[in-house]
$ cat entry-v2.pdb   # PDB, C-alpha atoms, pLDDT in the B column
ATOM      1  CA  ALA A   1      -4.420  11.707   4.528  1.00 87.00           C
ATOM      2  CA  ARG A   2      -2.448   9.062   6.406  1.00 85.00           C
ATOM      3  CA  GLU A   3      -5.093   6.334   6.575  1.00 93.00           C
ATOM      4  CA  ARG A   4      -4.153   3.035   4.961  1.00 93.00           C
ATOM      5  CA  THR A   5      -7.238   3.098   2.718  1.00 95.00           C
ATOM      6  CA  ARG A   6      -7.794   6.352   0.838  1.00 95.00           C
ATOM      7  CA  ALA A   7     -10.405   7.133  -1.780  1.00 94.00           C
ATOM      8  CA  PHE A   8     -10.947  10.040  -4.124  1.00 93.00           C
ATOM      9  CA  PHE A   9     -14.496   9.726  -5.479  1.00 91.00           C
ATOM     10  CA  GLY A  10     -15.323  12.170  -8.217  1.00 88.00           C
ATOM     11  CA  GLY A  11     -17.105  12.773 -11.457  1.00 83.00           C
ATOM     12  CA  ASN A  12     -15.446  12.772 -14.844  1.00 81.00           C
ATOM     13  CA  ARG A  13     -12.631  15.325 -15.247  1.00 82.00           C
ATOM     14  CA  THR A  14     -12.288  15.840 -11.502  1.00 86.00           C
ATOM     15  CA  GLY A  15      -8.562  15.053 -11.539  1.00 87.00           C
ATOM     16  CA  LYS A  16      -8.793  11.850  -9.501  1.00 92.00           C
ATOM     17  CA  THR A  17      -6.561   9.733 -11.766  1.00 92.00           C
ATOM     18  CA  THR A  18      -4.033  12.559 -12.071  1.00 93.00           C
ATOM     19  CA  CYS A  19      -3.841  12.880  -8.271  1.00 93.00           C
ATOM     20  CA  ALA A  20      -3.508   9.137  -7.681  1.00 95.00           C
ATOM     21  CA  VAL A  21      -0.894   8.615 -10.412  1.00 97.00           C
ATOM     22  CA  ALA A  22       1.101  11.584  -9.104  1.00 96.00           C
ATOM     23  CA  ASP A  23       1.111   9.998  -5.656  1.00 96.00           C
ATOM     24  CA  ASP A  24       2.127   6.608  -7.103  1.00 97.00           C
ATOM     25  CA  LEU A  25       5.047   8.349  -8.835  1.00 97.00           C
ATOM     26  CA  ILE A  26       6.092  10.142  -5.654  1.00 97.00           C
ATOM     27  CA  GLN A  27       6.514   6.686  -4.114  1.00 97.00           C
ATOM     28  CA  ALA A  28       8.415   5.321  -7.136  1.00 97.00           C
ATOM     29  CA  CYS A  29      10.864   8.225  -7.402  1.00 94.00           C
ATOM     30  CA  PRO A  30      14.166   8.152  -5.530  1.00 94.00           C
ATOM     31  CA  PRO A  31      13.905  10.484  -2.513  1.00 94.00           C
ATOM     32  CA  ASP A  32      16.304  13.036  -4.003  1.00 93.00           C
ATOM     33  CA  TRP A  33      14.011  13.375  -7.052  1.00 92.00           C
ATOM     34  CA  VAL A  34      10.989  14.350  -4.967  1.00 94.00           C
ATOM     35  CA  PRO A  35      10.582  18.147  -4.633  1.00 93.00           C
ATOM     36  CA  ASP A  36      10.689  19.477  -1.080  1.00 96.00           C
ATOM     37  CA  HIS A  37       7.014  20.429  -1.084  1.00 96.00           C
ATOM     38  CA  LEU A  38       6.075  16.802  -1.935  1.00 94.00           C
ATOM     39  CA  LYS A  39       8.478  15.015   0.430  1.00 94.00           C
ATOM     40  CA  PRO A  40       5.900  14.835   3.272  1.00 94.00           C
ATOM     41  CA  TYR A  41       3.793  12.604   0.998  1.00 93.00           C
ATOM     42  CA  LYS A  42       6.533  10.062   0.287  1.00 96.00           C
ATOM     43  CA  LYS A  43       5.899   6.929   2.313  1.00 95.00           C
ATOM     44  CA  TYR A  44       7.693   4.193   0.349  1.00 96.00           C
ATOM     45  CA  GLY A  45      10.748   3.734  -1.846  1.00 94.00           C
ATOM     46  CA  PHE A  46      13.431   4.968   0.521  1.00 94.00           C
ATOM     47  CA  ASP A  47      15.581   1.871   1.118  1.00 90.00           C
ATOM     48  CA  ASP A  48      13.751  -0.707  -0.973  1.00 92.00           C
ATOM     49  CA  PRO A  49      12.171  -0.354  -4.406  1.00 96.00           C
ATOM     50  CA  PHE A  50       8.484   0.587  -4.368  1.00 98.00           C
ATOM     51  CA  LYS A  51       6.070  -2.101  -5.607  1.00 98.00           C
ATOM     52  CA  CYS A  52       2.603  -1.060  -6.711  1.00 98.00           C
ATOM     53  CA  ARG A  53      -0.298  -2.663  -8.560  1.00 98.00           C
ATOM     54  CA  VAL A  54      -2.828  -0.559 -10.471  1.00 98.00           C
ATOM     55  CA  ILE A  55      -6.143  -2.301 -11.148  1.00 97.00           C
ATOM     56  CA  THR A  56      -8.633  -1.046 -13.742  1.00 95.00           C
ATOM     57  CA  PRO A  57     -12.022  -2.431 -14.831  1.00 92.00           C
ATOM     58  CA  ASP A  58     -10.682  -3.554 -18.219  1.00 91.00           C
ATOM     59  CA  LEU A  59      -7.427  -4.138 -20.077  1.00 90.00           C
ATOM     60  CA  THR A  60      -8.315  -1.738 -22.890  1.00 91.00           C
ATOM     61  CA  ASP A  61      -9.882   1.718 -22.494  1.00 89.00           C
ATOM     62  CA  THR A  62      -9.579   2.398 -18.765  1.00 89.00           C
ATOM     63  CA  MET A  63      -6.154   0.800 -18.540  1.00 93.00           C
ATOM     64  CA  GLU A  64      -4.935   2.787 -21.540  1.00 94.00           C
ATOM     65  CA  ALA A  65      -6.132   6.004 -19.892  1.00 92.00           C
ATOM     66  CA  VAL A  66      -4.073   5.225 -16.795  1.00 96.00           C
ATOM     67  CA  LEU A  67      -1.025   4.158 -18.825  1.00 96.00           C
ATOM     68  CA  GLU A  68      -1.248   7.406 -20.790  1.00 96.00           C
ATOM     69  CA  LYS A  69      -1.223   9.346 -17.519  1.00 96.00           C
ATOM     70  CA  PHE A  70       1.893   7.467 -16.359  1.00 97.00           C
ATOM     71  CA  ARG A  71       3.578   8.080 -19.758  1.00 97.00           C
ATOM     72  CA  ALA A  72       2.851  11.798 -19.537  1.00 97.00           C
ATOM     73  CA  MET A  73       3.951  12.272 -15.931  1.00 96.00           C
ATOM     74  CA  THR A  74       7.009  10.020 -15.633  1.00 96.00           C
ATOM     75  CA  PRO A  75      10.411  11.568 -16.403  1.00 94.00           C
ATOM     76  CA  PRO A  76      12.073   9.196 -18.924  1.00 96.00           C
ATOM     77  CA  SER A  77      15.379   9.323 -17.019  1.00 95.00           C
ATOM     78  CA  LEU A  78      13.660   7.559 -14.087  1.00 95.00           C
ATOM     79  CA  LEU A  79      12.648   4.620 -16.283  1.00 97.00           C
ATOM     80  CA  ARG A  80      14.656   1.489 -16.972  1.00 97.00           C
ATOM     81  CA  GLY A  81      16.628   2.122 -20.149  1.00 97.00           C
ATOM     82  CA  GLY A  82      15.686   5.812 -20.106  1.00 97.00           C
ATOM     83  CA  ALA A  83      12.513   5.418 -22.189  1.00 97.00           C
ATOM     84  CA  TRP A  84       8.973   4.092 -21.879  1.00 97.00           C
ATOM     85  CA  GLU A  85       9.579   1.568 -24.669  1.00 96.00           C
ATOM     86  CA  ASN A  86      12.429   0.009 -22.664  1.00 97.00           C
ATOM     87  CA  ALA A  87      10.671   0.167 -19.316  1.00 98.00           C
ATOM     88  CA  PHE A  88       7.169  -1.128 -20.064  1.00 97.00           C
ATOM     89  CA  ASP A  89       6.744  -4.887 -20.435  1.00 97.00           C
ATOM     90  CA  LYS A  90       3.614  -5.257 -22.591  1.00 94.00           C
ATOM     91  CA  VAL A  91       3.226  -8.963 -21.844  1.00 94.00           C
ATOM     92  CA  LYS A  92       3.326  -8.814 -18.046  1.00 95.00           C
ATOM     93  CA  ARG A  93       2.163  -5.171 -17.961  1.00 96.00           C
ATOM     94  CA  ASN A  94       4.972  -4.035 -15.665  1.00 97.00           C
ATOM     95  CA  LEU A  95       6.453  -0.555 -15.706  1.00 98.00           C
ATOM     96  CA  TRP A  96      10.059  -0.794 -14.479  1.00 98.00           C
ATOM     97  CA  PHE A  97      12.021   2.100 -13.055  1.00 97.00           C
ATOM     98  CA  ALA A  98      15.804   2.413 -13.243  1.00 96.00           C
ATOM     99  CA  ARG A  99      16.437   1.552  -9.594  1.00 94.00           C
ATOM    100  CA  GLY A 100      14.055  -1.453  -9.574  1.00 97.00           C
ATOM    101  CA  ASP A 101      10.750   0.111  -8.555  1.00 97.00           C
ATOM    102  CA  ARG A 102       7.820  -1.516 -10.363  1.00 98.00           C
ATOM    103  CA  ILE A 103       4.206  -0.735 -11.150  1.00 98.00           C
ATOM    104  CA  ASN A 104       2.114  -3.691 -12.292  1.00 97.00           C
ATOM    105  CA  PHE A 105      -1.168  -3.220 -14.196  1.00 97.00           C
ATOM    106  CA  MET A 106      -4.096  -5.643 -13.974  1.00 97.00           C
ATOM    107  CA  SER A 107      -7.859  -5.661 -14.483  1.00 95.00           C
ATOM    108  CA  THR A 108     -10.935  -6.918 -12.650  1.00 93.00           C
ATOM    109  CA  GLU A 109     -11.738  -8.782 -15.896  1.00 93.00           C
ATOM    110  CA  GLN A 110      -9.001 -11.236 -14.911  1.00 94.00           C
ATOM    111  CA  ASP A 111      -9.486 -14.255 -12.645  1.00 93.00           C
ATOM    112  CA  ALA A 112      -9.059 -13.532  -8.949  1.00 92.00           C
ATOM    113  CA  ASN A 113      -6.479 -16.323  -8.615  1.00 92.00           C
ATOM    114  CA  LYS A 114      -4.057 -14.298 -10.774  1.00 93.00           C
ATOM    115  CA  PHE A 115      -3.839 -11.640  -8.039  1.00 94.00           C
ATOM    116  CA  GLY A 116      -2.035 -13.757  -5.446  1.00 88.00           C
ATOM    117  CA  GLY A 117       1.567 -14.511  -4.678  1.00 86.00           C
ATOM    118  CA  GLN A 118       3.242 -11.100  -4.628  1.00 93.00           C
ATOM    119  CA  ALA A 119       3.634  -8.480  -1.919  1.00 97.00           C
ATOM    120  CA  PHE A 120       3.028  -4.802  -2.699  1.00 98.00           C
ATOM    121  CA  HIS A 121       3.407  -1.480  -0.935  1.00 98.00           C
ATOM    122  CA  ARG A 122       0.287  -0.172  -2.642  1.00 98.00           C
ATOM    123  CA  ILE A 123      -2.770  -1.369  -4.506  1.00 98.00           C
ATOM    124  CA  HIS A 124      -4.391   1.379  -6.580  1.00 98.00           C
ATOM    125  CA  PHE A 125      -7.881   0.821  -7.996  1.00 96.00           C
ATOM    126  CA  ASP A 126      -8.510   3.299 -10.799  1.00 95.00           C
ATOM    127  CA  GLU A 127     -12.258   3.461 -11.462  1.00 90.00           C
ATOM    128  CA  GLU A 128     -14.810   1.388  -9.622  1.00 86.00           C
ATOM    129  CA  PRO A 129     -13.896  -2.296  -9.330  1.00 85.00           C
ATOM    130  CA  ALA A 130     -16.445  -3.991 -11.572  1.00 81.00           C
ATOM    131  CA  GLY A 131     -17.477  -7.493 -12.562  1.00 81.00           C
ATOM    132  CA  GLN A 132     -18.160 -10.736 -10.795  1.00 85.00           C
ATOM    133  CA  ASN A 133     -14.558 -11.070  -9.573  1.00 89.00           C
ATOM    134  CA  ALA A 134     -14.249  -7.570  -8.103  1.00 90.00           C
ATOM    135  CA  TRP A 135     -14.975  -8.483  -4.467  1.00 91.00           C
ATOM    136  CA  LYS A 136     -12.585 -11.460  -4.558  1.00 94.00           C
ATOM    137  CA  ILE A 137      -9.903  -9.310  -6.179  1.00 95.00           C
ATOM    138  CA  TYR A 138     -10.350  -6.612  -3.531  1.00 94.00           C
ATOM    139  CA  ARG A 139     -10.014  -9.194  -0.730  1.00 93.00           C
ATOM    140  CA  GLU A 140      -7.007 -10.833  -2.366  1.00 95.00           C
ATOM    141  CA  SER A 141      -5.425  -7.416  -2.907  1.00 95.00           C
ATOM    142  CA  ARG A 142      -5.689  -6.606   0.794  1.00 94.00           C
ATOM    143  CA  MET A 143      -3.604  -9.726   1.495  1.00 95.00           C
ATOM    144  CA  ARG A 144      -0.890  -8.463  -0.872  1.00 96.00           C
ATOM    145  CA  LEU A 145      -0.316  -5.463   1.448  1.00 97.00           C
ATOM    146  CA  ILE A 146       0.393  -7.335   4.672  1.00 96.00           C
ATOM    147  CA  ASP A 147       4.174  -7.728   4.276  1.00 96.00           C
ATOM    148  CA  TYR A 148       4.785  -3.986   3.955  1.00 96.00           C
ATOM    149  CA  GLY A 149       1.867  -2.629   5.962  1.00 95.00           C
ATOM    150  CA  GLY A 150       0.873  -1.156   2.605  1.00 97.00           C
ATOM    151  CA  ASP A 151      -1.996   1.038   1.557  1.00 96.00           C
ATOM    152  CA  MET A 152      -4.923   0.893  -0.822  1.00 97.00           C
ATOM    153  CA  VAL A 153      -5.905   3.829  -2.996  1.00 97.00           C
ATOM    154  CA  PHE A 154      -9.144   4.304  -4.944  1.00 95.00           C
ATOM    155  CA  SER A 155      -9.543   6.946  -7.663  1.00 94.00           C
ATOM    156  CA  MET A 156     -12.961   6.460  -9.163  1.00 91.00           C
ATOM    157  CA  THR A 157     -16.296   7.732 -10.316  1.00 85.00           C
ATOM    158  CA  PRO A 158     -18.592   5.942  -7.861  1.00 75.00           C
ATOM    159  CA  LEU A 159     -21.307   4.341  -9.908  1.00 69.00           C
ATOM    160  CA  LEU A 160     -21.981   2.190  -6.825  1.00 59.00           C
ATOM    161  CA  GLU A 161     -22.702  -0.842  -8.942  1.00 62.00           C
ATOM    162  CA  THR A 162     -20.877  -2.850  -6.295  1.00 64.00           C
ATOM    163  CA  ASP A 163     -22.453  -2.532  -2.835  1.00 75.00           C
ATOM    164  CA  TRP A 164     -19.205  -3.394  -1.065  1.00 83.00           C
ATOM    165  CA  VAL A 165     -17.476  -0.238  -2.355  1.00 85.00           C
ATOM    166  CA  GLU A 166     -20.076   1.871  -0.606  1.00 84.00           C
ATOM    167  CA  GLN A 167     -19.990  -0.275   2.560  1.00 85.00           C
ATOM    168  CA  GLN A 168     -16.250  -0.927   2.836  1.00 86.00           C
ATOM    169  CA  ILE A 169     -15.033   2.491   1.736  1.00 89.00           C
ATOM    170  CA  TRP A 170     -17.566   5.316   1.711  1.00 89.00           C
ATOM    171  CA  ASP A 171     -19.632   4.274   4.752  1.00 90.00           C
ATOM    172  CA  ALA A 172     -16.488   3.338   6.710  1.00 90.00           C
ATOM    173  CA  ARG A 173     -14.708   6.677   6.183  1.00 92.00           C
ATOM    174  CA  GLY A 174     -13.707   8.423   9.378  1.00 92.00           C
ATOM    175  CA  THR A 175     -15.085   5.626  11.565  1.00 91.00           C
ATOM    176  CA  PRO A 176     -12.724   4.269  14.257  1.00 90.00           C
ATOM    177  CA  ASP A 177     -12.210   0.509  14.325  1.00 87.00           C
ATOM    178  CA  LYS A 178     -12.423  -1.576  17.524  1.00 89.00           C
ATOM    179  CA  ASN A 179      -8.985  -0.223  18.518  1.00 91.00           C
ATOM    180  CA  GLY A 180     -10.026   3.378  17.961  1.00 91.00           C
ATOM    181  CA  VAL A 181      -7.949   3.755  14.783  1.00 89.00           C
ATOM    182  CA  ILE A 182      -9.432   5.423  11.720  1.00 90.00           C
ATOM    183  CA  ARG A 183      -8.365   3.341   8.746  1.00 92.00           C
ATOM    184  CA  VAL A 184     -10.432   4.780   5.873  1.00 94.00           C
ATOM    185  CA  PHE A 185     -10.296   8.286   4.395  1.00 95.00           C
ATOM    186  CA  ALA A 186     -12.584   9.251   1.509  1.00 94.00           C
ATOM    187  CA  ILE A 187     -13.500  12.492  -0.208  1.00 91.00           C
ATOM    188  CA  ARG A 188     -15.991  13.332  -2.911  1.00 90.00           C
ATOM    189  CA  ALA A 189     -15.615  16.016  -5.566  1.00 89.00           C
ATOM    190  CA  SER A 190     -17.187  17.124  -8.813  1.00 84.00           C
ATOM    191  CA  MET A 191     -15.725  18.494 -12.019  1.00 83.00           C
ATOM    192  CA  HIS A 192     -16.680  21.957 -10.724  1.00 85.00           C
ATOM    193  CA  ASP A 193     -13.989  21.543  -8.040  1.00 83.00           C
ATOM    194  CA  ASN A 194     -11.278  21.255 -10.708  1.00 78.00           C
ATOM    195  CA  PRO A 195      -9.861  24.787 -11.165  1.00 82.00           C
ATOM    196  CA  TYR A 196      -8.395  23.855 -14.562  1.00 79.00           C
ATOM    197  CA  LEU A 197     -11.782  23.290 -16.215  1.00 74.00           C
TER     198      LEU A 197
END
$ encode --input "entry-v2.pdb" --output "structure tokens"
Amino acid sequence: ARERTRAFFGGNRTGKTTCAVADDLIQACPPDWVPDHLKPYKKYGFDDPFKCRVITPDLTDTMEAVLEKFRAMTPPSLLRGGAWENAFDKVKRNLWFARGDRINFMSTEQDANKFGGQAFHRIHFDEEPAGQNAWKIYRESRMRLIDYGGDMVFSMTPLLETDWVEQQIWDARGTPDKNGVIRVFAIRASMHDNPYL
């Protein structure tokens, strides 16, 4: 999918986080590290370091699940200092790569005003944005993408506790905007679609 907003909605164990983290890492890897069969999916990180923010519903369980996926899938030699312990800043929750690429981790538990100020190539929501600040964080996150013409990725089990997720993402999928451009791609899957289960 080439649309600037892409969503993988699926039940537990569908592989949605694995897919999204793999794509984040494709962007963070130097081009010569990306296998030929994955090169068509690399959009960022050619001349300038890739900057990404991953947003989870909380700073504990869901964030730890995503961090564990990054730990498992990231070759240590790509990380600053050659190891996770050297590359991950626990205070600012930044994962630094050797050439300067960075993935920042935040949560919708945090105040919306903490999401401003920086430009990113990608915002990745892992699991449904929840809580009273979720809509403000989503809107603020869209502003963070303007400088790079960046994209927004959702990998989540859609509990549809937030009406705007259904309206802004699911209902808008495949619909041309006023200029005739389709800006939202979304798919839905179940754990039965995962061939590894």
$ residues_near_point --input "entry-v2.pdb" --point "(6.1, 4.5, 3.5)" --cutoff "8 Å" --atoms "only C-alpha atoms" --output "list in words"
Gln27, Lys42, Lys43, Tyr44, Gly45, Phe46, His121 and Gly150 of chain A
$ resolve_selection --input "entry-v2.pdb" --expression "the PyMOL selection byres ((chain A and resi 23) around 12)" --output "number ranges by chain"
A: 1, 6, 16-22, 24-29, 34, 38-44, 52, 70, 73-74, 122, 124, 151-155
$ write_last_selection --input "entry-v2.pdb" --atoms "C-alpha atoms" --output "short mmCIF file (atom, residue, chain, number, x, y, z; two decimals), in the coordinates of the input"
data_model
loop_
_atom_site.label_atom_id
_atom_site.label_comp_id
_atom_site.auth_asym_id
_atom_site.auth_seq_id
_atom_site.Cartn_x
_atom_site.Cartn_y
_atom_site.Cartn_z
CA ALA A 1 -4.42 11.71 4.53
CA ARG A 6 -7.79 6.35 0.84
CA LYS A 16 -8.79 11.85 -9.50
CA THR A 17 -6.56 9.73 -11.77
CA THR A 18 -4.03 12.56 -12.07
CA CYS A 19 -3.84 12.88 -8.27
CA ALA A 20 -3.51 9.14 -7.68
CA VAL A 21 -0.89 8.62 -10.41
CA ALA A 22 1.10 11.58 -9.10
CA ASP A 24 2.13 6.61 -7.10
CA LEU A 25 5.05 8.35 -8.84
CA ILE A 26 6.09 10.14 -5.65
CA GLN A 27 6.51 6.69 -4.11
CA ALA A 28 8.41 5.32 -7.14
CA CYS A 29 10.86 8.22 -7.40
CA VAL A 34 10.99 14.35 -4.97
CA LEU A 38 6.08 16.80 -1.94
CA LYS A 39 8.48 15.02 0.43
CA PRO A 40 5.90 14.84 3.27
CA TYR A 41 3.79 12.60 1.00
CA LYS A 42 6.53 10.06 0.29
CA LYS A 43 5.90 6.93 2.31
CA TYR A 44 7.69 4.19 0.35
CA CYS A 52 2.60 -1.06 -6.71
CA PHE A 70 1.89 7.47 -16.36
CA MET A 73 3.95 12.27 -15.93
CA THR A 74 7.01 10.02 -15.63
CA ARG A 122 0.29 -0.17 -2.64
CA HIS A 124 -4.39 1.38 -6.58
CA ASP A 151 -2.00 1.04 1.56
CA MET A 152 -4.92 0.89 -0.82
CA VAL A 153 -5.90 3.83 -3.00
CA PHE A 154 -9.14 4.30 -4.94
CA SER A 155 -9.54 6.95 -7.66
#
$ atom_distance --input "entry-v2.pdb" --atom1 "CA of Gly149 in chain A" --atom2 "CA of Pro75 in chain A"
27.8 Å
$ closest_atom_pairs --input "entry-v2.pdb" --of "range 9-78 of chain A" --to "range 180-194 of chain A" --cutoff "12 Å" --atoms "only C-alpha atoms" --output "JSON lines"
{"residue": "A:Phe9", "atom": "CA", "partner": "A:Arg188", "partner_atom": "CA", "distance": 4.7}
{"residue": "A:Gly10", "atom": "CA", "partner": "A:Ala189", "partner_atom": "CA", "distance": 4.7}
{"residue": "A:Gly11", "atom": "CA", "partner": "A:Ser190", "partner_atom": "CA", "distance": 5.1}
{"residue": "A:Asn12", "atom": "CA", "partner": "A:Met191", "partner_atom": "CA", "distance": 6.4}
{"residue": "A:Arg13", "atom": "CA", "partner": "A:Met191", "partner_atom": "CA", "distance": 5.5}
{"residue": "A:Thr14", "atom": "CA", "partner": "A:Met191", "partner_atom": "CA", "distance": 4.4}
{"residue": "A:Gly15", "atom": "CA", "partner": "A:Asn194", "partner_atom": "CA", "distance": 6.8}
{"residue": "A:Lys16", "atom": "CA", "partner": "A:Ala189", "partner_atom": "CA", "distance": 8.9}
{"residue": "A:Thr18", "atom": "CA", "partner": "A:Asn194", "partner_atom": "CA", "distance": 11.4}
{"residue": "A:Cys19", "atom": "CA", "partner": "A:Asn194", "partner_atom": "CA", "distance": 11.5}
$ closest_residue --input "entry-v2.pdb" --among "A:Leu79, A:Leu59, A:Ile169, A:Val54" --to "Phe97 in chain A" --atoms "only C-alpha atoms"
A:Leu79
$ closest_residue --input "entry-v2.pdb" --among "A:Asn113, A:Pro49, A:Thr175, A:Glu127" --to "Ala65 in chain A" --atoms "only C-alpha atoms"
A:Glu127
$ decode --input "entry-v2.pdb" --residues "range 73-84 of chain A" --atoms "N, CA, C and O atoms" --output "short mmCIF file (atom, residue, chain, number, x, y, z; two decimals), in the first residue's frame"
data_model
loop_
_atom_site.label_atom_id
_atom_site.label_comp_id
_atom_site.auth_asym_id
_atom_site.auth_seq_id
_atom_site.Cartn_x
_atom_site.Cartn_y
_atom_site.Cartn_z
N MET A 73 13.84 -8.17 16.59
CA MET A 73 13.96 -8.06 15.14
C MET A 73 15.10 -7.16 14.67
O MET A 73 15.42 -7.14 13.48
N THR A 74 15.71 -6.40 15.56
CA THR A 74 16.74 -5.45 15.16
C THR A 74 18.14 -6.07 15.27
O THR A 74 18.55 -6.47 16.36
N PRO A 75 18.88 -6.14 14.17
CA PRO A 75 20.26 -6.63 14.27
C PRO A 75 21.09 -5.70 15.16
O PRO A 75 21.10 -4.48 14.94
N PRO A 76 21.76 -6.22 16.19
CA PRO A 76 22.52 -5.36 17.10
C PRO A 76 23.54 -4.47 16.39
O PRO A 76 23.79 -3.35 16.83
N SER A 77 24.12 -4.94 15.29
CA SER A 77 25.13 -4.13 14.60
C SER A 77 24.55 -2.87 13.98
O SER A 77 25.29 -1.95 13.65
N LEU A 78 23.22 -2.79 13.84
CA LEU A 78 22.59 -1.57 13.33
C LEU A 78 22.39 -0.53 14.42
O LEU A 78 22.13 0.65 14.14
N LEU A 79 22.47 -0.95 15.68
CA LEU A 79 22.19 -0.06 16.80
C LEU A 79 23.41 0.75 17.23
O LEU A 79 24.54 0.32 17.06
N ARG A 80 23.15 1.90 17.79
CA ARG A 80 24.23 2.73 18.34
C ARG A 80 24.95 1.93 19.42
O ARG A 80 24.33 1.37 20.31
N GLY A 81 26.25 1.84 19.30
CA GLY A 81 27.05 1.10 20.27
C GLY A 81 26.97 -0.41 20.11
O GLY A 81 27.49 -1.14 20.95
N GLY A 82 26.27 -0.89 19.07
CA GLY A 82 26.23 -2.31 18.77
C GLY A 82 25.41 -3.17 19.70
O GLY A 82 25.50 -4.39 19.64
N ALA A 83 24.61 -2.56 20.58
CA ALA A 83 23.79 -3.35 21.51
C ALA A 83 22.58 -2.54 21.96
O ALA A 83 22.64 -1.31 22.03
N TRP A 84 21.51 -3.25 22.28
CA TRP A 84 20.28 -2.59 22.73
C TRP A 84 20.55 -1.71 23.95
O TRP A 84 20.05 -0.59 24.04
#
